>>> print(open('upload03.cif').read())   # mmCIF, C-alpha atoms
data_upload
#
loop_
_atom_site.label_atom_id
_atom_site.label_comp_id
_atom_site.auth_asym_id
_atom_site.auth_seq_id
_atom_site.Cartn_x
_atom_site.Cartn_y
_atom_site.Cartn_z
CA GLN L 697 -32.29 120.45 -18.83
CA ALA L 698 -34.11 123.52 -20.07
CA ILE L 699 -35.18 126.02 -17.40
CA HIS L 700 -38.83 125.85 -18.48
CA ASN L 701 -38.71 122.06 -17.98
CA SER L 702 -37.45 122.61 -14.45
CA ALA L 703 -40.28 125.08 -13.88
CA ALA L 704 -42.83 122.48 -15.06
CA ALA L 705 -41.36 119.90 -12.68
CA LEU L 706 -41.48 122.33 -9.75
CA ARG L 707 -45.06 123.31 -10.58
CA THR L 708 -46.13 119.66 -10.57
CA ALA L 709 -44.28 118.97 -7.32
CA SER L 710 -45.92 121.99 -5.70
CA ASP L 711 -49.42 121.00 -6.85
CA ASP L 712 -49.07 117.33 -5.92
CA HIS L 713 -46.91 117.49 -2.81
CA GLN L 714 -47.01 121.09 -1.55
CA ILE L 715 -43.21 121.31 -1.50
CA ARG L 716 -41.60 124.13 0.46
CA ARG L 717 -38.07 123.97 -0.95
CA ALA L 718 -36.70 123.74 -4.49
CA ILE L 719 -33.09 123.08 -5.46
CA VAL L 720 -32.24 124.01 -9.05
CA CYS L 721 -28.81 122.81 -10.19
CA LEU L 722 -27.38 124.25 -13.39
CA ARG L 723 -24.26 125.23 -15.29
CA ALA L 724 -23.47 128.66 -16.64
CA SER L 725 -24.12 127.31 -20.14
CA THR L 726 -27.75 126.74 -19.13
CA LEU L 727 -28.15 130.50 -19.47
CA GLN L 728 -25.63 130.98 -22.29
CA TYR L 729 -26.98 128.53 -24.89
CA ASP L 730 -30.31 127.42 -26.29
CA ALA L 731 -31.87 124.47 -24.49
CA TRP L 732 -30.56 121.10 -25.62
CA TYR L 733 -33.36 119.58 -27.67
CA ASN L 734 -32.70 115.97 -26.64
CA SER L 735 -33.07 116.84 -22.95
CA GLN L 736 -36.53 118.23 -23.64
CA ILE L 737 -37.53 114.97 -25.33
CA THR L 738 -36.26 112.92 -22.40
CA PHE L 739 -37.97 115.19 -19.87
CA LEU L 740 -41.36 115.11 -21.58
CA GLU L 741 -41.22 111.35 -22.18
CA ALA L 742 -40.73 110.91 -18.44
CA LYS L 743 -43.44 113.46 -17.68
CA SER L 744 -45.90 111.68 -19.98
CA GLN L 745 -45.74 108.42 -18.00
CA GLY L 746 -49.11 108.00 -16.29
CA GLU L 747 -50.70 111.09 -17.87
CA GLY L 748 -53.90 111.04 -19.89
CA PRO L 749 -54.09 111.26 -23.69
CA LEU L 750 -54.83 114.99 -23.68
CA ASP L 751 -51.79 115.79 -21.53
CA VAL L 752 -49.57 113.54 -23.63
CA ALA L 753 -50.77 115.26 -26.81
CA ARG L 754 -50.02 118.63 -25.23
CA ASN L 755 -46.49 117.48 -24.33
CA VAL L 756 -45.87 116.33 -27.90
CA TRP L 757 -47.09 119.65 -29.26
CA ASP L 758 -44.96 121.65 -26.80
CA VAL L 759 -41.77 120.00 -28.05
CA ALA L 760 -42.70 120.29 -31.72
CA THR L 761 -43.45 124.02 -31.41
CA TYR L 762 -40.64 125.07 -29.08
CA ASP L 763 -38.66 127.96 -30.56
CA THR L 764 -35.45 125.92 -31.06
CA SER L 765 -37.23 123.15 -32.99
CA PHE L 766 -40.25 124.64 -34.76
CA GLY L 767 -40.05 124.49 -38.54
CA ASN L 768 -37.07 122.14 -38.83
CA SER L 769 -36.38 118.41 -38.84
CA ARG L 770 -36.43 118.25 -35.05
CA SER L 771 -40.14 119.00 -34.90
CA LEU L 772 -40.78 116.54 -37.74
CA GLY L 773 -38.89 113.82 -35.89
CA TRP L 774 -40.82 114.40 -32.69
CA LEU L 775 -44.25 114.44 -34.33
CA PHE L 776 -43.47 111.18 -36.17
CA PRO L 777 -41.27 109.27 -33.68
CA TRP L 778 -42.10 105.85 -35.18
CA VAL L 779 -40.24 106.60 -38.38
CA TYR L 780 -37.60 109.12 -37.38
CA ASN L 781 -35.35 109.33 -34.36
CA PRO L 782 -34.22 112.95 -33.83
CA LEU L 783 -31.09 111.72 -32.05
CA GLU L 784 -29.74 110.08 -35.21
CA PRO L 785 -29.39 110.95 -38.95
CA LEU L 786 -32.44 110.34 -41.11
CA ASP L 787 -31.69 107.15 -43.06
CA TRP L 788 -33.32 103.74 -43.38
CA ASP L 789 -30.96 101.98 -40.95
CA HIS L 790 -31.78 104.41 -38.16
CA VAL L 791 -35.48 104.40 -39.01
CA ALA L 792 -35.53 100.58 -38.71
CA ASP L 793 -33.55 100.70 -35.47
CA ASN L 794 -35.88 103.30 -34.02
CA VAL L 795 -39.02 101.30 -34.88
CA SER L 796 -37.45 98.20 -33.33
CA ARG L 797 -36.57 100.03 -30.13
CA ARG L 798 -40.01 101.57 -29.86
CA LEU L 799 -41.62 98.13 -30.17
CA THR L 800 -39.33 96.35 -27.71
CA THR L 801 -38.57 98.99 -25.03
CA SER L 802 -41.15 98.89 -22.25
CA ASP L 803 -40.14 102.29 -20.85
CA PRO L 804 -39.32 104.91 -23.50
CA THR L 805 -37.29 106.93 -21.01
CA GLN L 806 -34.65 104.19 -21.22
CA ASP L 807 -33.70 105.79 -24.53
CA THR L 808 -31.67 108.20 -22.40
CA SER L 809 -28.89 105.63 -22.82
CA ARG L 810 -28.75 106.66 -26.48
CA LEU L 811 -27.95 110.28 -25.74
CA GLY L 812 -24.23 109.60 -25.66
CA LYS L 813 -21.44 107.17 -25.01
CA HIS L 814 -20.98 106.09 -21.38
CA PHE L 815 -24.48 107.28 -20.41
CA GLU L 816 -26.29 104.80 -18.16
CA TYR L 817 -30.04 104.82 -17.50
CA HIS L 818 -31.09 104.41 -13.86
CA GLU L 819 -34.79 105.03 -13.22
CA ARG L 820 -37.63 107.53 -13.53
CA GLY L 821 -36.15 109.23 -16.57
CA GLN L 822 -32.79 109.78 -14.90
CA GLY L 823 -29.32 108.66 -15.89
CA ALA L 824 -25.66 109.42 -15.26
CA TYR L 825 -22.31 109.09 -16.95
CA ASP L 826 -20.39 106.00 -15.88
CA ASN L 827 -16.93 106.90 -17.22
CA THR L 828 -13.95 108.86 -15.90
CA MET L 829 -12.56 111.89 -17.70
CA ASP L 830 -10.04 110.93 -20.39
CA PHE L 831 -7.70 113.80 -21.19
CA GLU L 832 -6.77 112.43 -24.61
CA SER L 833 -10.17 111.56 -26.05
CA PHE L 834 -12.51 114.37 -25.08
CA ASP L 835 -13.01 117.55 -27.07
CA VAL L 836 -11.89 120.44 -24.91
CA GLY L 837 -13.19 123.16 -27.17
CA GLY L 838 -16.50 124.96 -27.28
CA GLU L 839 -18.97 124.40 -24.49
CA GLU L 840 -16.54 122.40 -22.34
CA PHE L 841 -15.32 125.79 -21.14
CA ASP L 842 -18.65 127.52 -20.83
CA LEU L 843 -17.68 128.90 -17.41
CA THR L 844 -14.82 130.89 -18.91
CA GLU L 845 -16.20 132.31 -22.12
CA SER L 846 -17.39 135.88 -22.39
CA LYS L 847 -20.48 134.63 -24.22
CA PRO L 848 -23.39 136.70 -22.89
CA LEU L 849 -26.37 135.27 -21.07
CA LEU L 850 -29.27 134.65 -23.45
CA GLY L 851 -32.59 136.41 -22.99
CA THR L 852 -34.88 133.35 -23.21
CA PRO L 853 -33.27 131.16 -20.49
CA VAL L 854 -32.72 134.20 -18.26
CA ARG L 855 -36.41 135.13 -18.52
CA GLU L 856 -37.36 131.50 -17.83
CA LEU L 857 -35.18 131.48 -14.69
CA GLU L 858 -36.69 134.76 -13.51
CA ALA L 859 -40.20 133.39 -14.08
CA LEU L 860 -39.32 130.18 -12.20
CA LEU L 861 -38.02 132.14 -9.21
CA ASP L 862 -41.02 134.49 -9.21
CA GLU L 863 -43.48 131.59 -9.33
CA CYS L 864 -41.68 129.82 -6.49
CA ALA L 865 -41.81 133.01 -4.43
CA ASP L 866 -45.56 133.36 -5.10
CA ARG L 867 -46.11 129.75 -3.99
CA GLY L 868 -44.03 130.22 -0.84
CA ILE L 869 -41.28 127.88 -2.03
CA GLU L 870 -37.76 128.52 -0.74
CA THR L 871 -35.51 128.24 -3.81
CA TYR L 872 -31.79 127.50 -4.06
CA VAL L 873 -29.95 127.81 -7.38
CA VAL L 874 -26.73 125.79 -7.28
CA LEU L 875 -23.91 126.18 -9.80
CA MET L 876 -22.63 122.66 -10.38
CA PRO L 877 -18.92 121.93 -9.81
CA ALA L 878 -16.63 121.73 -12.82
CA ALA L 879 -13.23 120.06 -13.07
CA PRO L 880 -10.41 122.21 -11.61
CA LEU L 881 -8.79 122.79 -14.99
CA THR L 882 -12.03 124.44 -16.16
CA ASN L 883 -11.76 126.88 -13.27
CA LEU L 884 -8.14 127.49 -14.18
CA ALA L 885 -9.21 128.67 -17.60
CA GLY L 886 -11.63 130.95 -15.78
CA GLN L 887 -8.95 132.97 -14.01
CA SER L 888 -9.90 135.70 -16.42
CA ALA L 889 -12.53 138.17 -15.32
CA ALA L 890 -15.04 136.30 -17.52
CA TYR L 891 -15.72 133.62 -14.90
CA ARG L 892 -16.55 136.06 -12.15
CA SER L 893 -18.49 138.36 -14.47
CA ILE L 894 -20.73 135.56 -15.75
CA VAL L 895 -21.32 133.89 -12.40
CA MET L 896 -21.88 137.14 -10.52
CA SER L 897 -24.49 138.08 -13.13
CA ILE L 898 -26.29 134.80 -12.44
CA SER L 899 -26.03 135.43 -8.70
CA GLU L 900 -27.61 138.87 -9.09
CA ILE L 901 -30.49 137.42 -11.11
CA VAL L 902 -31.17 134.72 -8.52
CA GLU L 903 -30.96 136.91 -5.45
CA GLY L 904 -32.84 139.73 -7.17
CA HIS L 905 -35.83 137.39 -7.55
CA GLY L 906 -35.81 136.04 -4.01
CA GLY L 907 -33.63 132.94 -4.44
CA THR L 908 -30.39 131.84 -2.79
CA PHE L 909 -27.32 131.31 -5.00
CA ILE L 910 -24.62 128.74 -4.14
CA ASP L 911 -21.46 128.33 -6.22
CA PHE L 912 -20.00 124.84 -5.70
CA ASN L 913 -16.93 125.66 -7.76
CA LEU L 914 -15.35 127.67 -4.95
CA THR L 915 -15.79 125.28 -2.03
CA LYS L 916 -12.94 124.99 0.45
CA GLU L 917 -10.84 121.86 0.50
CA ASP L 918 -11.79 120.83 4.06
CA PHE L 919 -15.50 120.89 3.11
CA TYR L 920 -15.76 119.55 -0.43
CA ARG L 921 -13.33 119.40 -3.32
CA PRO L 922 -14.28 117.27 -6.36
CA ARG L 923 -11.64 114.93 -7.72
CA TYR L 924 -10.80 114.34 -11.38
CA ASP L 925 -11.95 110.71 -11.18
CA GLU L 926 -15.43 112.00 -10.25
CA PHE L 927 -15.90 113.68 -13.64
CA ALA L 928 -16.98 112.17 -16.94
CA ASN L 929 -15.71 115.28 -18.72
CA CYS L 930 -14.83 118.85 -17.76
CA THR L 931 -18.32 119.85 -16.68
CA HIS L 932 -20.29 116.64 -16.01
CA LEU L 933 -19.93 114.59 -12.85
CA ASN L 934 -20.08 110.83 -13.20
CA TYR L 935 -22.24 108.67 -10.92
CA ASP L 936 -19.76 108.50 -8.02
CA GLY L 937 -19.10 112.22 -8.28
CA SER L 938 -22.83 112.95 -8.26
CA LEU L 939 -23.28 110.99 -5.03
CA ARG L 940 -20.47 112.80 -3.21
CA PHE L 941 -21.66 116.18 -4.47
CA SER L 942 -25.20 115.41 -3.23
CA GLU L 943 -23.85 114.61 0.23
CA ALA L 944 -21.91 117.89 0.33
CA LEU L 945 -24.95 119.86 -0.81
CA GLY L 946 -27.03 118.22 1.92
CA THR L 947 -24.44 119.22 4.53
CA TYR L 948 -24.49 122.81 3.25
CA LEU L 949 -28.29 123.02 3.42
CA ARG L 950 -28.44 121.50 6.91
CA LYS L 951 -26.09 124.23 8.12
CA LEU L 952 -28.32 126.86 6.54
CA GLU L 953 -31.34 125.32 8.24
CA GLY L 954 -29.59 125.52 11.57
CA ALA L 955 -28.75 129.19 11.02
CA GLN L 956 -25.05 128.34 11.00
CA ASP L 957 -22.47 130.45 9.20
CA VAL L 958 -21.73 128.90 5.79
CA SER L 959 -19.31 131.58 4.59
CA SER L 960 -16.41 129.48 5.85
CA LEU L 961 -17.32 126.66 3.43
CA THR L 962 -16.59 128.57 0.22
CA TYR L 963 -14.23 131.20 -1.12
CA ALA L 964 -15.59 134.60 -2.10
CA TYR L 965 -15.01 135.85 -5.64
CA ASP L 966 -12.48 138.40 -4.37
CA GLU L 967 -10.54 135.49 -2.80
CA TRP L 968 -9.75 133.85 -6.15
CA ASP L 969 -5.99 133.83 -5.57
CA ASP L 970 -6.51 132.07 -2.24
CA TYR L 971 -8.70 129.48 -4.00
CA ILE L 972 -6.02 128.70 -6.59
CA ALA L 973 -3.34 128.58 -3.86
CA SER L 974 -5.40 126.06 -1.87
CA PHE L 975 -4.55 123.20 -4.23
CA ASP L 976 -1.87 121.13 -2.54
CA ARG L 977 -0.45 119.62 -5.73
CA LEU L 978 -0.41 120.14 -9.47
CA GLU L 979 -4.09 119.82 -10.33
CA GLY L 980 -4.12 120.52 -14.04
CA CYS L 981 -2.75 122.47 -16.95
CA TYR L 982 -4.35 124.38 -19.78
CA PHE L 983 -3.20 126.37 -22.77
CA THR L 984 -4.53 129.01 -25.12
CA SER L 985 -3.62 129.36 -28.78
CA GLN L 986 -3.63 132.18 -31.28
CA ARG L 987 -3.14 131.90 -35.03
CA GLN L 988 -0.44 134.15 -36.47
CA ASP L 989 1.02 134.70 -39.96
CA ARG L 990 3.51 131.83 -39.88
CA GLY L 991 2.11 129.57 -37.20
CA ILE L 992 0.34 129.32 -33.86
CA SER L 993 1.47 130.89 -30.60
CA LEU L 994 0.81 128.77 -27.49
CA LYS L 995 0.64 129.88 -23.86
CA ALA L 996 0.30 127.36 -21.02
CA SER L 997 -0.76 127.77 -17.40
CA SER L 998 -1.41 125.43 -14.48
CA ILE L 999 -3.22 125.05 -11.18
CA THR L 1000 -0.83 124.67 -8.28
CA GLN L 1001 0.26 126.40 -5.10
CA HIS L 1002 1.97 129.74 -5.52
CA GLY L 1003 5.75 129.46 -5.68
CA VAL L 1004 5.88 125.86 -6.97
CA PRO L 1005 8.15 125.87 -10.08
CA ILE L 1006 6.39 124.36 -13.10
CA GLU L 1007 7.95 123.44 -16.44
CA TYR L 1008 6.13 122.73 -19.71
CA ARG L 1009 6.65 120.57 -22.79
CA PHE L 1010 4.83 121.24 -26.09
CA GLU L 1011 4.14 118.50 -28.66
CA VAL L 1012 2.09 118.25 -31.86
CA ARG L 1013 0.42 115.36 -33.69
CA GLU L 1014 -0.93 115.35 -37.22
CA GLY L 1015 -3.13 112.57 -38.56
CA GLU L 1016 -5.30 110.01 -36.79
CA LYS L 1017 -5.31 109.15 -33.09
CA GLY L 1018 -2.33 106.93 -32.33
CA ALA L 1019 0.04 108.76 -34.64
CA PRO L 1020 3.31 109.81 -32.97
CA TYR L 1021 3.79 113.22 -31.39
CA GLU L 1022 6.67 115.48 -32.35
CA VAL L 1023 8.25 117.68 -29.69
CA VAL L 1024 7.88 121.37 -30.47
CA ARG L 1025 9.77 122.35 -27.32
CA ASP L 1026 10.96 120.15 -24.49
CA PHE L 1027 10.49 120.86 -20.78
CA GLY L 1028 11.32 124.40 -19.73
CA ARG L 1029 10.05 127.11 -17.41
CA ASN L 1030 8.86 129.38 -20.22
CA PRO L 1031 5.08 128.79 -20.55
CA CYS L 1032 5.06 130.04 -24.16
CA ALA L 1033 5.99 128.30 -27.41
CA PHE L 1034 5.51 128.82 -31.14
CA LEU L 1035 4.28 126.13 -33.54
CA PRO L 1036 5.28 126.81 -37.17
CA VAL L 1037 2.33 126.07 -39.49
CA GLU L 1038 1.83 126.55 -43.21
CA GLY L 1039 -1.48 126.35 -45.08
CA GLU L 1040 -4.78 124.97 -43.83
CA GLY L 1041 -5.44 121.83 -41.80
CA SER L 1042 -5.81 120.47 -38.29
CA CYS L 1043 -3.56 118.99 -35.63
CA VAL L 1044 -3.57 118.03 -31.97
CA VAL L 1045 -1.36 119.95 -29.55
CA ARG L 1046 -0.36 118.28 -26.28
CA VAL L 1047 1.04 120.29 -23.40
CA THR L 1048 2.54 118.52 -20.38
CA ALA L 1049 3.13 120.37 -17.12
CA ARG L 1050 5.22 118.97 -14.28
CA VAL L 1051 6.77 120.15 -11.06
CA GLN L 1052 10.29 121.10 -12.05
CA GLY L 1053 12.65 118.12 -11.91
CA SER L 1054 10.01 115.66 -10.68
CA SER L 1055 9.33 112.28 -12.29
CA SER L 1056 6.29 111.41 -10.14
CA PRO L 1057 2.96 110.93 -11.97
CA ASP L 1058 1.29 112.96 -9.20
CA ASP L 1059 3.43 115.93 -10.23
CA THR L 1060 2.53 115.72 -13.94
CA ARG L 1061 -0.58 116.82 -15.84
CA THR L 1062 -1.34 116.77 -19.57
CA PHE L 1063 -3.79 118.75 -21.66
CA TYR L 1064 -4.83 118.20 -25.29
CA ARG L 1065 -6.55 120.36 -27.85
#
>>> encode(input="upload03.cif", output="structure tokens")
Amino acid sequence: QAIHNSAAALRTASDDHQIRRAIVCLRASTLQYDAWYNSQITFLEAKSQGEGPLDVARNVWDVATYDTSFGNSRSLGWLFPWVYNPLEPLDWDHVADNVSRRLTTSDPTQDTSRLGKHFEYHERGQGAYDNTMDFESFDVGGEEFDLTESKPLLGTPVRELEALLDECADRGIETYVVLMPAAPLTNLAGQSAAYRSIVMSISEIVEGHGGTFIDFNLTKEDFYRPRYDEFANCTHLNYDGSLRFSEALGTYLRKLEGAQDVSSLTYAYDEWDDYIASFDRLEGCYFTSQRQDRGISLKASSITQHGVPIEYRFEVREGEKGAPYEVVRDFGRNPCAFLPVEGEGSCVVRVTARVQGSSSPDDTRTFYR
């Protein structure tokens, strides 16, 4: 959800209900990328329910003229929603489907179910993923690893966050900005300085404008540690995961209310090694790749306690899903391998990490790219 949408929601809540606390949950990518256009549509469709014609017209105009949509097909699709669905390609089949849905759907916010596979609509414009992370089918490139990239924070969402915090301070609203938990393998990729640099920058912005910053990626295992089956993908909790996270957040805030020390619930950024060592089993593996003259060099790593011997196997698959994998290098302690490649094309590399000599599924993790 775009920061300026969150600000609009908080403004309405303050005017209508005189709220005294705001909790803003986000990912690092919220400040690294332009706002996702579809989320703005969903937000304003929900906001328009019960509003008068003038307010609805203003909402429509706001989406059509927003800086990431103005002058392209997105604004056209929003201004003429009966004939063009901006979530789908512009062709007659999708136009007919969109008209049918608009005529038969009593609540337009139920179109949130169309935003992606496994997305389930609940109520009041809200939905959640209902699947569990599948290591073989999801795309692990790009924004999946937004917490680890050195991509700078963008000016527009940063300014919107600063304005939100300043407005909350002026209204006397206590504001918490919570960094949502990501799957452990995402944090593994963030062992570079990039993770701490990005997140500490966000922390400085929040606290510099009177808010409180909470990073739920570094929580201690005896307080809250998300499980893989609570994620729909690397950075989105599914419904069960969302419920357990909400309970943990409530516990954290109750302790703050009671003036209790909460420092024991999370690791500090200079305790990163202790955080990685706190995992009591092999939690995940990850690898990086670099193109060279005659192939691709691969380097694997894993999340596990210090001192546990890990061995890696590298495989490659060309062609469609279901095609057989060929072993590039069988299990061994060396985390590096070289994949000979000639010409242009694409392939899938699979790296399997396991505790040395173990055959237990609990001691084995696989990663695809």
>>> closest_residue(input="upload03.cif", among="L:Phe1027, L:Val1051, L:Ala1019, L:Val902", to="Gly1003 of chain L", atoms="all atoms listed in the file")
L:Val1051
>>> closest_residue(input="upload03.cif", among="L:Ser974, L:Ser744, L:Ser1042, L:Thr871", to="Ile719 of chain L", atoms="only C-alpha atoms")
L:Thr871
>>> residues_near_point(input="upload03.cif", point="(-21.6, 116.4, -3.2)", cutoff="10 Å", atoms="all atoms listed in the file", output="JSON, numbers by chain")
{"L": [876, 877, 912, 919, 920, 921, 922, 933, 936, 937, 938, 939, 940, 941, 942, 943, 944, 945, 946, 947, 948]}
>>> closest_residue(input="upload03.cif", among="L:Ile898, L:Val1044, L:Cys721, L:Val1012", to="Arg855 of chain L", atoms="all atoms listed in the file")
L:Ile898
>>> closest_residue(input="upload03.cif", among="L:Cys930, L:Glu1038, L:Lys916, L:Ile1006", to="Glu967 of chain L", atoms="only C-alpha atoms")
L:Lys916
>>> resolve_selection(input="upload03.cif", expression="the PyMOL selection byres ((chain L and resi 975-989) around 10)", output="ChimeraX atom specification")
/L:836,879-885,916-917,921,923-924,970-974,990-1002,1004,1006,1008,1031-1038,1045-1051,1058-1065
>>> residues_around(input="upload03.cif", residues="Gln728 of chain L", least_positions_apart="5", cutoff="7 Å", atoms="only C-alpha atoms", output="list in words")
Lys847, Pro848, Leu849 and Leu850 of chain L
>>> residues_around(input="upload03.cif", residues="Thr852 of chain L", least_positions_apart="4", cutoff="12 Å", atoms="all atoms listed in the file", output="list of chain:residue names")
L:Ala698, L:Ile699, L:His700, L:Thr726, L:Leu727, L:Gln728, L:Tyr729, L:Asp730, L:Ala731, L:Tyr762, L:Asp763, L:Thr764, L:Pro848, L:Glu856, L:Leu857, L:Glu858, L:Ala859
>>> atom_distance(input="upload03.cif", atom1="atom CA of Ser960 of chain L", atom2="atom CA of Leu914 of chain L")
11.0 Å
>>> closest_residue(input="upload03.cif", among="L:Pro749, L:His932, L:Gly906, L:Glu926", to="Cys864 of chain L", atoms="only C-alpha atoms")
L:Gly906
>>> atom_distance(input="upload03.cif", atom1="atom CA of Gln714 of chain L", atom2="atom CA of Glu870 of chain L")
11.9 Å
>>> atom_distance(input="upload03.cif", atom1="atom CA of Asp826 of chain L", atom2="atom CA of Gln745 of chain L")
25.6 Å
>>> resolve_selection(input="upload03.cif", expression="the PyMOL selection byres ((chain L and resi 958) around 12)", output="list in words")
Ile910, Thr915, Lys916, Phe919, Leu945, Thr947, Tyr948, Leu949, Arg950, Lys951, Leu952, Glu953, Gly954, Ala955, Gln956, Asp957, Ser959, Ser960, Leu961, Thr962, Tyr963 and Ala964 of chain L
>>> closest_residue(input="upload03.cif", among="L:Ala928, L:Met896, L:Ala760, L:Val873", to="Ala824 of chain L", atoms="all atoms listed in the file")
L:Ala928
